[in-house]
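Shown next: work.pdb, given as PDB, C-alpha atoms (C1' of nucleotides).
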```
ATOM      1  CA  MET A 242     229.203  29.441  63.093
ATOM      2  CA  PRO A 243     226.868  30.817  60.549
ATOM      3  CA  GLU A 244     226.715  31.922  56.973
ATOM      4  CA  GLY A 245     223.425  32.616  55.215
ATOM      5  CA  ASN A 246     222.620  28.949  54.709
ATOM      6  CA  THR A 247     222.752  28.309  58.453
ATOM      7  CA  ILE A 248     220.550  31.301  59.207
ATOM      8  CA  LEU A 249     217.924  30.227  56.682
ATOM      9  CA  ARG A 250     217.985  26.691  58.044
ATOM     10  CA  LEU A 251     217.500  28.026  61.572
ATOM     11  CA  ALA A 252     214.620  30.284  60.505
ATOM     12  CA  ARG A 253     212.851  27.303  58.960
ATOM     13  CA  ALA A 254     213.407  25.174  62.043
ATOM     14  CA  HIS A 255     212.131  27.945  64.304
ATOM     15  CA  ASN A 256     209.030  28.277  62.151
ATOM     16  CA  ARG A 257     208.423  24.531  62.347
ATOM     17  CA  ASP A 258     208.819  24.432  66.125
ATOM     18  CA  LEU A 259     207.458  27.777  67.226
ATOM     19  CA  ALA A 260     205.277  29.548  64.654
ATOM     20  CA  GLY A 261     201.739  30.170  65.846
ATOM     21  CA  ARG A 262     202.485  28.856  69.321
ATOM     22  CA  ARG A 263     202.633  30.356  72.751
ATOM     23  CA  VAL A 264     206.273  30.268  73.854
ATOM     24  CA  ALA A 265     207.955  30.437  77.234
ATOM     25  CA  VAL A 266     210.828  32.914  76.950
ATOM     26  CA  SER A 267     213.620  33.200  79.498
ATOM     27  CA  ALA A 268     217.215  34.341  79.789
ATOM     28  CA  ALA A 269     220.076  33.081  81.921
ATOM     29  CA  GLN A 270     221.905  36.381  81.466
ATOM     30  CA  LYS A 271     220.834  39.704  82.877
ATOM     31  CA  ARG A 272     221.310  41.605  79.645
ATOM     32  CA  PHE A 273     218.241  40.031  78.005
ATOM     33  CA  ALA A 274     216.192  39.423  81.167
ATOM     34  CA  LYS A 275     213.849  42.366  80.742
ATOM     35  CA  GLU A 276     213.172  41.606  77.112
ATOM     36  CA  ALA A 277     212.589  37.941  77.876
ATOM     37  CA  GLU A 278     210.054  38.872  80.507
ATOM     38  CA  ARG A 279     208.204  41.035  78.049
ATOM     39  CA  LEU A 280     208.049  38.202  75.505
ATOM     40  CA  ASP A 281     207.292  35.379  77.889
ATOM     41  CA  GLY A 282     204.020  33.649  77.058
ATOM     42  CA  ARG A 283     203.446  35.506  73.808
ATOM     43  CA  VAL A 284     202.668  33.904  70.476
ATOM     44  CA  PHE A 285     205.621  33.535  68.112
ATOM     45  CA  GLU A 286     204.455  34.576  64.671
ATOM     46  CA  ARG A 287     207.355  33.803  62.369
ATOM     47  CA  ALA A 288     211.080  33.770  61.845
ATOM     48  CA  GLU A 289     212.659  35.547  58.887
ATOM     49  CA  ALA A 290     216.185  35.144  57.491
ATOM     50  CA  ARG A 291     218.005  37.724  55.341
ATOM     51  CA  GLY A 292     221.665  37.255  54.655
ATOM     52  CA  LYS A 293     223.149  36.532  58.067
ATOM     53  CA  HIS A 294     220.402  38.353  59.950
ATOM     54  CA  LEU A 295     217.529  36.618  61.717
ATOM     55  CA  PHE A 296     214.303  38.249  62.850
ATOM     56  CA  HIS A 297     211.708  36.837  65.208
ATOM     57  CA  HIS A 298     208.284  38.434  64.837
ATOM     58  CA  TRP A 299     206.025  38.171  67.889
ATOM     59  CA  ARG A 300     202.288  38.716  68.059
ATOM     60  CA  GLY A 301     201.581  42.134  69.465
ATOM     61  CA  GLY A 302     204.525  43.822  67.810
ATOM     62  CA  PRO A 303     207.946  43.040  69.203
ATOM     63  CA  ILE A 304     210.634  42.112  66.704
ATOM     64  CA  VAL A 305     213.824  40.476  67.926
ATOM     65  CA  HIS A 306     216.886  40.962  65.754
ATOM     66  CA  VAL A 307     219.564  38.302  66.119
ATOM     67  CA  HIS A 308     223.005  38.227  64.540
ATOM     68  CA  LEU A 309     225.168  35.256  65.456
ATOM     69  CA  GLY A 310     228.530  36.794  64.598
ATOM     70  CA  ARG A 311     231.252  34.204  64.490
ATOM     71  CA  PHE A 312     230.531  32.449  67.741
ATOM     72  CA  GLY A 313     226.803  32.580  68.216
ATOM     73  CA  ASP A 314     224.593  29.559  67.713
ATOM     74  CA  PHE A 315     221.186  28.125  68.479
ATOM     75  CA  TYR A 316     220.892  24.723  70.115
ATOM     76  CA  ARG A 317     217.725  22.672  69.956
ATOM     77  CA  ARG A 318     216.879  20.623  73.023
ATOM     78  CA  ASP A 319     214.359  17.826  73.166
ATOM     79  CA  PRO A 320     212.108  17.642  76.189
ATOM     80  CA  PRO A 321     212.861  17.623  78.980
ATOM     81  CA  PRO A 322     215.327  20.456  78.362
ATOM     82  CA  PRO A 323     218.475  20.606  80.488
ATOM     83  CA  PRO A 324     218.845  23.556  82.830
ATOM     84  CA  PRO A 325     220.100  26.528  80.809
ATOM     85  CA  ARG A 326     223.822  27.169  80.821
ATOM     86  CA  PRO A 327     224.856  30.562  82.205
ATOM     87  CA  SER A 328     225.687  31.608  78.646
ATOM     88  CA  VAL A 329     222.107  31.233  77.420
ATOM     89  CA  ARG A 330     221.063  34.664  76.168
ATOM     90  CA  MET A 331     217.558  33.637  75.191
ATOM     91  CA  ARG A 332     215.618  30.421  75.678
ATOM     92  CA  LEU A 333     212.475  29.724  73.670
ATOM     93  CA  ALA A 334     210.492  26.777  74.960
ATOM     94  CA  THR A 335     207.318  24.934  74.063
ATOM     95  CA  ARG A 336     206.195  21.552  75.275
ATOM     96  CA  ASP A 337     207.840  19.930  72.266
ATOM     97  CA  ALA A 338     211.093  21.773  71.763
ATOM     98  CA  THR A 339     213.467  24.234  73.408
ATOM     99  CA  TRP A 340     215.836  26.589  71.577
ATOM    100  CA  ASP A 341     218.836  28.099  73.377
ATOM    101  CA  LEU A 342     220.625  31.077  71.890
ATOM    102  CA  ILE A 343     224.291  31.234  72.892
ATOM    103  CA  GLY A 344     226.942  33.863  72.282
ATOM    104  CA  PRO A 345     225.405  36.303  69.793
ATOM    105  CA  PRO A 346     226.917  39.767  69.560
ATOM    106  CA  THR A 347     223.412  40.971  68.674
ATOM    107  CA  CYS A 348     220.097  39.992  70.224
ATOM    108  CA  GLU A 349     217.880  43.058  70.549
ATOM    109  CA  PHE A 350     214.411  44.507  70.126
ATOM    110  CA  VAL A 351     214.010  46.542  66.964
ATOM    111  CA  THR A 352     211.139  48.620  65.642
ATOM    112  CA  LYS A 353     209.616  47.944  62.239
ATOM    113  CA  GLU A 354     211.545  50.926  60.929
ATOM    114  CA  GLU A 355     214.854  49.704  62.333
ATOM    115  CA  CYS A 356     214.172  46.289  60.875
ATOM    116  CA  ALA A 357     213.534  47.849  57.468
ATOM    117  CA  ALA A 358     216.737  49.886  57.763
ATOM    118  CA  ILE A 359     218.781  46.759  58.409
ATOM    119  CA  LEU A 360     217.279  45.052  55.380
ATOM    120  CA  ALA A 361     217.794  48.141  53.238
ATOM    121  CA  ARG A 362     221.543  48.106  53.669
ATOM    122  CA  LEU A 363     221.902  44.458  52.631
ATOM    123  CA  GLY A 364     222.666  43.436  49.067
ATOM    124  CA  PRO A 365     220.638  40.724  47.334
ATOM    125  CA  ASP A 366     220.574  37.397  49.157
ATOM    126  CA  PRO A 367     221.544  34.500  46.894
ATOM    127  CA  LEU A 368     219.198  32.307  48.938
ATOM    128  CA  SER A 369     216.121  34.446  48.372
ATOM    129  CA  ALA A 370     213.550  33.425  45.779
ATOM    130  CA  ARG A 371     214.410  35.924  43.047
ATOM    131  CA  PRO A 372     217.562  37.815  43.956
ATOM    132  CA  ASP A 373     218.517  40.717  41.707
ATOM    133  CA  ALA A 374     221.679  39.337  40.140
ATOM    134  CA  GLU A 375     222.161  42.376  37.905
ATOM    135  CA  ARG A 376     222.428  44.603  40.945
ATOM    136  CA  VAL A 377     225.199  42.383  42.312
ATOM    137  CA  PHE A 378     227.086  42.320  39.004
ATOM    138  CA  GLU A 379     226.799  46.054  38.662
ATOM    139  CA  ARG A 380     228.314  46.599  42.093
ATOM    140  CA  LEU A 381     231.104  44.100  41.468
ATOM    141  CA  ARG A 382     231.973  45.710  38.126
ATOM    142  CA  ARG A 383     232.869  48.943  39.868
ATOM    143  CA  THR A 384     234.728  47.376  42.800
ATOM    144  CA  ASP A 385     238.505  47.403  42.580
ATOM    145  CA  ALA A 386     238.962  45.334  45.727
ATOM    146  CA  PRO A 387     239.876  41.656  45.375
ATOM    147  CA  ILE A 388     236.895  39.496  44.472
ATOM    148  CA  ALA A 389     237.388  37.464  47.667
ATOM    149  CA  HIS A 390     237.027  40.660  49.671
ATOM    150  CA  ALA A 391     234.000  41.872  47.725
ATOM    151  CA  LEU A 392     232.174  38.578  48.308
ATOM    152  CA  LEU A 393     232.206  39.269  52.050
ATOM    153  CA  ASP A 394     230.762  42.759  51.639
ATOM    154  CA  GLN A 395     227.168  42.373  52.804
ATOM    155  CA  ARG A 396     226.138  45.562  51.005
ATOM    156  CA  ILE A 397     226.998  43.937  47.664
ATOM    157  CA  LEU A 398     225.447  40.553  48.365
ATOM    158  CA  SER A 399     224.324  39.159  51.688
ATOM    159  CA  GLY A 400     224.915  35.801  53.304
ATOM    160  CA  VAL A 401     228.309  34.738  51.957
ATOM    161  CA  GLY A 402     230.975  34.178  54.597
ATOM    162  CA  ASN A 403     234.523  32.921  54.764
ATOM    163  CA  ILE A 404     233.733  29.332  53.746
ATOM    164  CA  PHE A 405     231.597  30.066  50.715
ATOM    165  CA  ARG A 406     233.878  32.770  49.352
ATOM    166  CA  ALA A 407     236.809  30.355  49.335
ATOM    167  CA  GLU A 408     234.841  27.376  48.048
ATOM    168  CA  ALA A 409     232.966  29.168  45.284
ATOM    169  CA  LEU A 410     236.117  30.816  43.940
ATOM    170  CA  PHE A 411     237.832  27.443  43.889
ATOM    171  CA  VAL A 412     235.003  25.736  42.002
ATOM    172  CA  ASP A 413     235.066  28.466  39.380
ATOM    173  CA  GLY A 414     238.869  28.552  39.159
ATOM    174  CA  ILE A 415     239.109  32.230  40.048
ATOM    175  CA  HIS A 416     242.100  33.576  41.940
ATOM    176  CA  PRO A 417     240.916  35.367  45.110
ATOM    177  CA  LEU A 418     243.131  38.413  44.607
ATOM    178  CA  ARG A 419     241.799  39.323  41.192
ATOM    179  CA  PRO A 420     240.051  42.686  41.320
ATOM    180  CA  ALA A 421     236.293  42.184  41.257
ATOM    181  CA  SER A 422     236.158  44.609  38.333
ATOM    182  CA  SER A 423     238.398  42.337  36.252
ATOM    183  CA  LEU A 424     235.936  39.450  36.129
ATOM    184  CA  THR A 425     234.310  38.896  32.750
ATOM    185  CA  PRO A 426     230.519  38.818  32.443
ATOM    186  CA  GLY A 427     230.782  35.064  31.973
ATOM    187  CA  GLU A 428     232.839  34.654  35.125
ATOM    188  CA  LEU A 429     230.426  36.809  37.113
ATOM    189  CA  GLY A 430     227.434  34.818  35.915
ATOM    190  CA  ARG A 431     229.049  31.488  36.720
ATOM    191  CA  LEU A 432     230.286  32.670  40.118
ATOM    192  CA  TRP A 433     226.808  33.854  41.103
ATOM    193  CA  ALA A 434     225.329  30.533  39.956
ATOM    194  CA  THR A 435     227.954  28.632  41.929
ATOM    195  CA  VAL A 436     227.308  30.623  45.085
ATOM    196  CA  ARG A 437     223.557  30.077  44.806
ATOM    197  CA  ARG A 438     223.919  26.353  44.085
ATOM    198  CA  MET A 439     226.357  25.742  46.941
ATOM    199  CA  MET A 440     224.433  27.727  49.509
ATOM    200  CA  ARG A 441     221.096  26.295  48.472
ATOM    201  CA  ARG A 442     222.439  22.781  48.820
ATOM    202  CA  SER A 443     223.882  23.631  52.203
ATOM    203  CA  VAL A 444     220.497  24.744  53.501
ATOM    204  CA  ALA A 445     219.095  21.296  52.944
ATOM    205  CA  GLN A 446     222.090  19.531  54.451
ATOM    206  CA  ARG A 447     222.465  19.309  58.140
ATOM    207  CA  ARG A 448     225.974  20.725  58.076
ATOM    208  CA  THR A 449     227.807  23.068  55.763
ATOM    209  CA  PHE A 450     229.289  20.973  52.982
ATOM    210  CA  THR A 451     230.358  22.283  49.614
ATOM    211  CA  ILE A 452     231.800  19.415  47.607
ATOM    212  CA  GLU A 453     229.596  18.840  44.589
ATOM    213  CA  PRO A 454     228.358  15.384  43.608
ATOM    214  CA  ALA A 455     230.649  15.272  40.572
ATOM    215  CA  ASP A 456     233.707  15.664  42.810
ATOM    216  CA  ARG A 457     232.667  13.231  45.505
ATOM    217  CA  PRO A 458     234.538   9.949  45.687
ATOM    218  CA  PRO A 459     232.279   7.094  44.552
ATOM    219  CA  GLY A 460     230.699   4.719  46.995
ATOM    220  CA  ARG A 461     228.925   5.210  50.249
ATOM    221  CA  ARG A 462     228.697   8.530  51.925
ATOM    222  CA  GLN A 463     230.209   8.563  55.320
ATOM    223  CA  SER A 464     229.848  11.112  58.047
ATOM    224  CA  GLY A 465     233.589  11.573  58.370
ATOM    225  CA  ALA A 466     233.973  12.506  54.701
ATOM    226  CA  ARG A 467     235.800  15.635  53.670
ATOM    227  CA  SER A 468     233.528  18.684  53.564
ATOM    228  CA  PHE A 469     235.489  21.304  51.639
ATOM    229  CA  TYR A 470     237.651  21.789  48.581
ATOM    230  CA  VAL A 471     240.061  24.284  50.085
ATOM    231  CA  TYR A 472     238.701  25.739  53.334
ATOM    232  CA  GLN A 473     241.067  24.619  56.091
ATOM    233  CA  GLU A 474     242.461  21.957  53.782
ATOM    234  CA  GLU A 475     246.075  21.159  52.982
ATOM    235  CA  GLN A 476     245.817  19.316  49.708
ATOM    236  CA  CYS A 477     243.787  20.093  46.608
ATOM    237  CA  LEU A 478     241.075  17.544  45.864
ATOM    238  CA  ARG A 479     241.482  18.021  42.118
ATOM    239  CA  CYS A 480     245.201  18.430  41.401
ATOM    240  CA  GLY A 481     246.783  17.196  44.626
ATOM    241  CA  GLY A 482     248.753  20.416  45.008
ATOM    242  CA  ARG A 483     249.209  22.296  48.246
ATOM    243  CA  ILE A 484     246.441  24.613  49.329
ATOM    244  CA  ARG A 485     247.764  28.039  50.210
ATOM    245  CA  SER A 486     246.324  30.040  53.071
ATOM    246  CA  PHE A 487     246.833  33.711  53.713
ATOM    247  CA  PRO A 488     245.046  36.560  55.459
ATOM    248  CA  LEU A 489     242.572  38.516  53.370
ATOM    249  CA  SER A 490     240.131  41.117  54.683
ATOM    250  CA  GLY A 491     240.928  40.092  58.216
ATOM    251  CA  ARG A 492     240.138  36.414  57.704
ATOM    252  CA  THR A 493     242.014  33.387  56.459
ATOM    253  CA  MET A 494     241.635  32.772  52.743
ATOM    254  CA  TYR A 495     242.367  29.415  51.143
ATOM    255  CA  ALA A 496     243.121  28.728  47.495
ATOM    256  CA  CYS A 497     244.810  26.314  45.130
ATOM    257  CA  GLU A 498     246.969  28.492  42.945
ATOM    258  CA  THR A 499     247.203  25.781  40.310
ATOM    259  CA  CYS A 500     243.442  25.446  39.882
ATOM    260  CA  GLN A 501     242.895  29.162  40.488
ATOM    261  CA  PRO A 502     245.619  30.810  38.412
ATOM    262  CA  ARG A 503     246.303  34.445  38.938
ATOM    263  CA  PRO A 504     246.163  35.865  35.459
ATOM    264  CA  SER A 505     249.467  37.212  34.200
ATOM    265  CA  GLY A 506     249.543  40.717  32.746
ATOM    266  CA  ARG A 507     248.942  39.383  29.248
ATOM    267  CA  THR A 508     246.096  37.063  30.198
ATOM    268  CA  ALA A 509     244.516  39.810  32.241
ATOM    269  CA  ALA A 510     244.628  42.156  29.261
ATOM    270  CA  ARG A 511     243.057  39.539  26.992
ATOM    271  CA  LEU A 512     240.279  38.873  29.498
ATOM    272  CA  LYS A 513     239.608  42.559  29.679
ATOM    273  CA  ARG A 514     239.473  42.940  25.915
ATOM    274  CA  SER A 515     237.053  40.059  25.476
ATOM    275  CA  ALA A 516     234.956  41.445  28.315
ATOM    276  CA  GLY A 517     234.784  44.819  26.636
ATOM    277  CA  SER A 518     234.039  43.488  23.177
ATOM    278  CA  ARG A 519     230.983  41.495  24.143
TER     279      ARG A 519
ATOM    280  C1'  DC B 201     245.698  27.364  83.075
ATOM    281  C1'  DG B 202     246.669  30.594  79.434
ATOM    282  C1'  DA B 203     247.060  31.149  74.450
ATOM    283  C1'  DT B 204     244.956  30.311  70.188
ATOM    284  C1'  DT B 205     241.513  29.754  66.956
ATOM    285  C1'  DA B 206     236.861  29.817  64.827
ATOM    286  C1'  DT B 207     231.564  30.150  59.084
ATOM    287  C1'  DG B 208     231.029  38.252  61.688
ATOM    288  C1'  DA B 209     230.487  43.118  61.893
ATOM    289  C1'  DT B 210     230.422  47.841  63.967
ATOM    290  C1'  DT B 211     232.575  51.795  65.955
ATOM    291  C1'  DA B 212     236.322  54.877  66.983
ATOM    292  C1'  DA B 213     240.589  57.060  65.767
TER     293       DA B 213
ATOM    294  C1'  DT C 218     243.982  50.199  61.125
ATOM    295  C1'  DA C 219     242.638  49.034  65.887
ATOM    296  C1'  DA C 220     239.558  48.012  69.475
ATOM    297  C1'  DT C 221     235.434  46.033  70.605
ATOM    298  C1'  DC C 222     231.634  42.425  71.285
ATOM    299  C1'  DC C 223     230.457  37.386  71.913
ATOM    300  C1'  DT C 224     231.473  31.606  73.440
ATOM    301  C1'  DA C 225     233.661  27.154  73.278
ATOM    302  C1'  DA C 226     236.932  23.871  71.936
ATOM    303  C1'  DT C 227     241.643  22.597  71.543
ATOM    304  C1'  DC C 228     246.529  22.680  72.307
ATOM    305  C1'  DG C 229     250.765  23.272  74.803
ATOM    306  C1'  DC C 230     252.785  23.817  79.310
TER     307       DC C 230
END
```

As structure tokens - that is how I would like this structure written.
Amino acid sequence: MPEGNTILRLARAHNRDLAGRRVAVSAAQKRFAKEAERLDGRVFERAEARGKHLFHHWRGGPIVHVHLGRFGDFYRRDPPPPPPRPSVRMRLATRDATWDLIGPPTCEFVTKEECAAILARLGPDPLSARPDAERVFERLRRTDAPIAHALLDQRILSGVGNIFRAEALFVDGIHPLRPASSLTPGELGRLWATVRRMMRRSVAQRRTFTIEPADRPPGRRQSGARSFYVYQEEQCLRCGGRIRSFPLSGRTMYACETCQPRPSGRTAARLKRSAGSR
DNA sequence: CGATTATGATTAA
DNA sequence: TAATCCTAATCGC
């Protein structure tokens, strides 16, 4: 259940547990058995996260490319680890920690060149140190598709998934169906900042959680607290109105159409004029 | 027990 | 657009 924040968090955890260490590698499924055998006992050099892609670099050359899709996940087991479930694609074990990879559509060896090719087709990652925001804006300016669709396009920017697209657009009060090209420079700048802020915060947190401090109810924080503004919610946290959900780019989109007005023809024209006159 | 749903993405037609 | 890959939890019968 991963967007870029989860992948980055996993990469960091793998580096903490595995980097520089000799690792026992195994697989409960046949389809990774050969690869596991080849890796078994090698030294894990480092994990690298880009967008929703994860790479494991091993001493001696092999690179493992993992993409978790919608269902894939890594589970950390304390010693002694339980016997692997039949669905374990790849198990990475040291004396101190065991990582089980379950359900990824992609877990494969790649060459350095293939690795570079994967990275080359990804847009800037809002979680990287100095992402090229201008490149993202430039792409969005010439995209007629709805902004909520464009945010999922990994060639434009990488790492945003269905939760962050809905949550960021809500926070900035932008209707998901507005063409990406209709956003003003100010809106683009704020949206990018919101995405970075939300995702960055969600790397540090144990679970994905987008509600900003200013919107959190006062008092103690409790584990059962609401996590999202609109994603899979019924009622808007800010105005109390009903959250609408509808399919968009093959996924379920959520929005509060009071807090995220769809500009009328007139408003849209005014926005466009002010965008052009800057 | 089957249907449904879930933070994704590629390939074929 | 449709079919495909991948797993687990939940709900209704």

So which residues touch C:DA219 within 12 Å, counting all atoms listed in the file, skipping near sequence neighbours fewer than 4 positions away, as a PDB file with C-alpha atoms (C1' of nucleotides), in the frame of the given file?
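This is the output file part_5.pdb:
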```pdb
ATOM      1  CA  GLY A 491     240.928  40.092  58.216  1.00  0.00           C
TER       2      GLY A 491
ATOM      3  C1'  DT B 211     232.575  51.795  65.955  1.00  0.00           C
ATOM      4  C1'  DA B 212     236.322  54.877  66.983  1.00  0.00           C
ATOM      5  C1'  DA B 213     240.589  57.060  65.767  1.00  0.00           C
TER       6       DA B 213
END
```

Around all the atoms of stretch 219-224 of chain C listed in the file, with 8 Å of room on each side, what axis-aligned box do you get, giving centre and edge lengths in Å to one decimal, as JSON?
```
{"center_x": 236.5, "center_y": 40.3, "center_z": 69.7, "size_x": 28.2, "size_y": 33.4, "size_z": 23.6}
```

Point to revise | the PyMOL selection byres ((chain A and resi 288) around 10) resolved against shown file, as a list in words | key: Leu249, Leu251, Ala252, Arg253, Ala254, His255, Asn256, Arg257, Leu259, Ala260, Phe285, Glu286, Arg287, Glu289, Ala290, Leu295, Phe296, His297, His298, Trp299, Ile304 and Val305 of chain A

Please produce a file of the residues just selected, as a PDB file, in the frame of the given file, where the atoms kept are C-alpha atoms.
```pdb
ATOM      1  CA  LEU A 249     217.924  30.227  56.682  1.00  0.00           C
ATOM      2  CA  LEU A 251     217.500  28.026  61.572  1.00  0.00           C
ATOM      3  CA  ALA A 252     214.620  30.284  60.505  1.00  0.00           C
ATOM      4  CA  ARG A 253     212.851  27.303  58.960  1.00  0.00           C
ATOM      5  CA  ALA A 254     213.407  25.174  62.043  1.00  0.00           C
ATOM      6  CA  HIS A 255     212.131  27.945  64.304  1.00  0.00           C
ATOM      7  CA  ASN A 256     209.030  28.277  62.151  1.00  0.00           C
ATOM      8  CA  ARG A 257     208.423  24.531  62.347  1.00  0.00           C
ATOM      9  CA  LEU A 259     207.458  27.777  67.226  1.00  0.00           C
ATOM     10  CA  ALA A 260     205.277  29.548  64.654  1.00  0.00           C
ATOM     11  CA  PHE A 285     205.621  33.535  68.112  1.00  0.00           C
ATOM     12  CA  GLU A 286     204.455  34.576  64.671  1.00  0.00           C
ATOM     13  CA  ARG A 287     207.355  33.803  62.369  1.00  0.00           C
ATOM     14  CA  GLU A 289     212.659  35.547  58.887  1.00  0.00           C
ATOM     15  CA  ALA A 290     216.185  35.144  57.491  1.00  0.00           C
ATOM     16  CA  LEU A 295     217.529  36.618  61.717  1.00  0.00           C
ATOM     17  CA  PHE A 296     214.303  38.249  62.850  1.00  0.00           C
ATOM     18  CA  HIS A 297     211.708  36.837  65.208  1.00  0.00           C
ATOM     19  CA  HIS A 298     208.284  38.434  64.837  1.00  0.00           C
ATOM     20  CA  TRP A 299     206.025  38.171  67.889  1.00  0.00           C
ATOM     21  CA  ILE A 304     210.634  42.112  66.704  1.00  0.00           C
ATOM     22  CA  VAL A 305     213.824  40.476  67.926  1.00  0.00           C
TER      23      VAL A 305
END
```

Review point. Any idea what's packed within 9 Å of A:Arg441, counting only C-alpha atoms (C1' of nucleotides), ignoring anything in its chain fewer than 4 positions away? Could you give it as a list in words?
Key: Asn246, Pro367, Leu368, Val436, Arg437 and Ala445 of chain A

**Study point:** Explicit residues for the PyMOL selection byres ((chain A) within 7 of (chain B)) (as a PyMOL selection string)
**Key:** chain A and resi 242-244+310-311+402-404

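Shortest atom-to-atom contact with C:DT224 among A:Ala421, A:Ile343, A:Leu398, A:Ala274: A:Ile343, counting all atoms listed in the file.
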
Practice item. Check every residue of chain A for an atom within 12 Å of chain C, counting only C-alpha atoms (C1' of nucleotides), and provide those that qualify as a list in words. Key: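 Therefore, the residues near the partner are Met242, His308, Leu309, Gly310, Arg311, Phe312, Gly313, Asp314, Phe315, Arg326, Pro327, Ser328, Val329, Arg330, Leu342, Ile343, Gly344, Pro345, Pro346, Thr347, Cys348, Ser490 and Gly491 of chain A.
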
Practice item. Using the chain letters and numbers from the file, give me the residues hit by the PyMOL selection byres ((chain A and resi 394) around 12), as JSON, numbers by chain. Key: {"A": [292, 293, 362, 363, 364, 365, 366, 377, 380, 381, 384, 386, 387, 388, 389, 390, 391, 392, 393, 395, 396, 397, 398, 399, 400, 401, 402, 403, 406, 421, 490], "B": [208, 209]}

Residues just named, written with C-alpha atoms (C1' of nucleotides) as a PDB file, in the frame of the given file:
```
ATOM      1  CA  GLY A 292     221.665  37.255  54.655  1.00  0.00           C
ATOM      2  CA  LYS A 293     223.149  36.532  58.067  1.00  0.00           C
ATOM      3  CA  ARG A 362     221.543  48.106  53.669  1.00  0.00           C
ATOM      4  CA  LEU A 363     221.902  44.458  52.631  1.00  0.00           C
ATOM      5  CA  GLY A 364     222.666  43.436  49.067  1.00  0.00           C
ATOM      6  CA  PRO A 365     220.638  40.724  47.334  1.00  0.00           C
ATOM      7  CA  ASP A 366     220.574  37.397  49.157  1.00  0.00           C
ATOM      8  CA  VAL A 377     225.199  42.383  42.312  1.00  0.00           C
ATOM      9  CA  ARG A 380     228.314  46.599  42.093  1.00  0.00           C
ATOM     10  CA  LEU A 381     231.104  44.100  41.468  1.00  0.00           C
ATOM     11  CA  THR A 384     234.728  47.376  42.800  1.00  0.00           C
ATOM     12  CA  ALA A 386     238.962  45.334  45.727  1.00  0.00           C
ATOM     13  CA  PRO A 387     239.876  41.656  45.375  1.00  0.00           C
ATOM     14  CA  ILE A 388     236.895  39.496  44.472  1.00  0.00           C
ATOM     15  CA  ALA A 389     237.388  37.464  47.667  1.00  0.00           C
ATOM     16  CA  HIS A 390     237.027  40.660  49.671  1.00  0.00           C
ATOM     17  CA  ALA A 391     234.000  41.872  47.725  1.00  0.00           C
ATOM     18  CA  LEU A 392     232.174  38.578  48.308  1.00  0.00           C
ATOM     19  CA  LEU A 393     232.206  39.269  52.050  1.00  0.00           C
ATOM     20  CA  GLN A 395     227.168  42.373  52.804  1.00  0.00           C
ATOM     21  CA  ARG A 396     226.138  45.562  51.005  1.00  0.00           C
ATOM     22  CA  ILE A 397     226.998  43.937  47.664  1.00  0.00           C
ATOM     23  CA  LEU A 398     225.447  40.553  48.365  1.00  0.00           C
ATOM     24  CA  SER A 399     224.324  39.159  51.688  1.00  0.00           C
ATOM     25  CA  GLY A 400     224.915  35.801  53.304  1.00  0.00           C
ATOM     26  CA  VAL A 401     228.309  34.738  51.957  1.00  0.00           C
ATOM     27  CA  GLY A 402     230.975  34.178  54.597  1.00  0.00           C
ATOM     28  CA  ASN A 403     234.523  32.921  54.764  1.00  0.00           C
ATOM     29  CA  ARG A 406     233.878  32.770  49.352  1.00  0.00           C
ATOM     30  CA  ALA A 421     236.293  42.184  41.257  1.00  0.00           C
ATOM     31  CA  SER A 490     240.131  41.117  54.683  1.00  0.00           C
TER      32      SER A 490
ATOM     33  C1'  DG B 208     231.029  38.252  61.688  1.00  0.00           C
ATOM     34  C1'  DA B 209     230.487  43.118  61.893  1.00  0.00           C
TER      35       DA B 209
END
```

Point to revise | Between atom CA of A:Asp319 and atom CA of A:Ala338 - distance in Å to one decimal | key: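 Going from atom CA of A:Ala338 over to atom CA of A:Asp319 covers 5.3 Å.
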